[in-house]
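What follows is a single structure, written as structure tokens, with notes after it.
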Amino acid sequence: MKIYHKFLLYQNKWIHPYTRIILGGVTYVAYLASILLIVGVVYEHGFTISEHEASQLQTLYRFVWGVFLTEVTLHLLLEYRDTKRAFKKLAWILIALLYLTLIPVIFHRPEEEGAILYFWEFLNGKPYHIVLLLIFSFFNLSNGLVRLLGRRTNPSLILAGSFFIIIIIGTGLLMLPRCTMNGISWVDSLFISTSAVCVTGLTSVDVASTFTTSGFVVIILLIQIGGLGVMTLTSFFAMFFMGNTSFYNQLVVRDMVSSNSLNSLLSTLLYILGFTLAIEGMGMFAIWSDIHGTMGMTFEEEVAFSAFHAISAFCNAGFSTLPGNLGNPLVMTGHNPFLIYISLLIILGGIGFPILVNFKDIVLHHLRRIWKFLHTWEWDRHRFYHLYNLNTRIVLIMTFLLLVLGTILIAIFEWNHAFAGMSVADKWTQAFFNATCPRTAGFTSVDLTSLGVQSVLIYIFLMWVGGAAQSTAGGVKVNAFAVVVLNLVAVLRGTEKVEVFGRELSYDSIRRSNATVVMSLGVLFVFVFILTIWEPQASVMALLFECVSALSTVGSSLNLTPTLGDNSKLLVAFLMFIGRVGLITLMLGIIKQKKHTKYQYPSGQIIIN
């Protein structure tokens, strides 16, 4: 027993530190290999390659495969206990699949036909290797990104940096020869990539005639990543395979996804992804059911069209594969259900994931009551008074009011103008659609330059307010706008507390809401002022519309975007980035935070009015 204890002490003192160094070095090599693999796959599918280049890529893939095998094997041999505790079941499945790739290396190809031969050829096939290596690459990179949170780095900077990195990667992908018809400048590529990742929809080129099918695939992937959030995806990927992320990591991710507790963190991430895929899937089927057999497309093209627009609508991106966006004659005549489906997807994407989770809780509560009634034949008369939490109530009421008022006002002002010549049903559908899109999708069914001044002002207001917090929408958010209005009402009524629905709003909520509104107005003024200098030929109304659309990640434009100079395009792209990351988040990452002090200054009064 003494010899065993001495061995453990010797191992912890002399062997363990070197083991850590070796594993750390191998891990960094695996990060590099992951990046090289992704670059290789992109290069192979983005360019037309020669046989020599294909051979070099195969060598690269074998190198990455060897690195991953070495990393996994060393972890199992040198730190089996820690590895066993860290990896979840799915991680072990991936490891088993990786070791199966050794079968074609160890055993020769079977000579007889049958299941064994098919299994051998499957394991030796390139698709199996590439897909498995890509999964491992995303797993490694996601785990590395989440580990950065454990180094006490600024979460706001990591969030902003992750969006920036995806934008740069998207810029490079969209410039690949196979992604465009006749090439694209780096400024336009950066602009489109930023617009897609920031789920905005502003375009500096005609998307339908510029990009190929590969380009549209890149765009929709950027939209999906941007809509869900880079950190949401990476955190889910890391935590789903690695259960023992640090306590600090989990706290940061919890704040990012607005989870109620650490215990519900993974379930919250699952709900976010589950709701997204379920709603987009139902939206895709609904869109397909309306357009089927009416647009001269094959079945595969109809499915691709439906999937693209369902994702673009739910993520509030506003991108379309049709020339002229949704004002194209193919969908403008006899396709009112299509526009309504798009509007509903925009609304569901814009109310926020916390509200969707609350809906789930409400539905489950009523299902339990019904289930209990069916078993006992006694109706549960106990009433739960707070099924709808405060955030859900405020968001639903504000969303309803803005949609109803927006629809009515746009219908009134455009009934005999932009909607002239349409049937009554078409006019109301167009009014509802054009009241929904500023919230903040950016699809267009009519030329916005044909709208009256009053409708344009309504558009600007709806764009500025935007959707709900923790959603795919932008704007100052209906939550913040409601809090500012409630605070104003409290001031006018002379009350010290801001109360609504039997709840008192926290002081921090009021401060952050006021700060968000003031910063939004300040940023808009600065950017509009700069653009009036760089674009003197454009009207102030058009520039204001463009800036509000960019900051609120809407994507609507008065046909100004393609006419902007390169400097102005970069400025608008930066405004989209600010709008997606969030003004408060960006400022928290830039400005050094003041430490909490234990003393308090005497209060002073400022004369107002």
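Going through the structure tokens in order, the chains are called A, B, and so on, while each chain numbers its residues from 1 and the ligands are numbered from 1 in the order shown.
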Please provide the set of residues having any atom within 12 Å of Gly565 (chain A), restricted to only C-alpha atoms, with same-chain residues fewer than 2 positions apart removed, written as a PyMOL selection string. chain A and resi 187-188+191+204+531+533-538+560-563+567-572
Per-residue nearest contacts region 84-200 of chain A to region 43-49 of chain A, cut-off 9 Å, using only C-alpha atoms, as a tab-separated table:
residue	atom	partner	partner_atom	distance
A:Leu173	CA	A:Gly46	CA	7.6
A:Met175	CA	A:Gly46	CA	8.9
A:Leu176	CA	A:Gly46	CA	5.3
A:Pro177	CA	A:Phe47	CA	6.0
A:Arg178	CA	A:Gly46	CA	5.3
A:Cys179	CA	A:Gly46	CA	7.1
Neighbouring residues of region 58-62 of chain A were defined as those with any atom within 8 Å, considering only C-alpha atoms; residues of the same chain fewer than 6 positions away were excluded. Please report them as a PyMOL selection string. chain A and resi 36-37+40+130
What does the file look like for those residues with C-alpha atoms, as a short mmCIF file (atom, residue, chain, number, x, y, z; two decimals), in the first residue's frame?
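The new file selection-v7.cif reads:
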data_model
loop_
_atom_site.label_atom_id
_atom_site.label_comp_id
_atom_site.auth_asym_id
_atom_site.auth_seq_id
_atom_site.Cartn_x
_atom_site.Cartn_y
_atom_site.Cartn_z
CA LEU A 36 -6.71 23.35 -41.87
CA LEU A 37 -9.38 20.73 -42.50
CA GLY A 40 -9.17 22.36 -47.23
CA ILE A 130 -14.76 13.99 -44.24
#
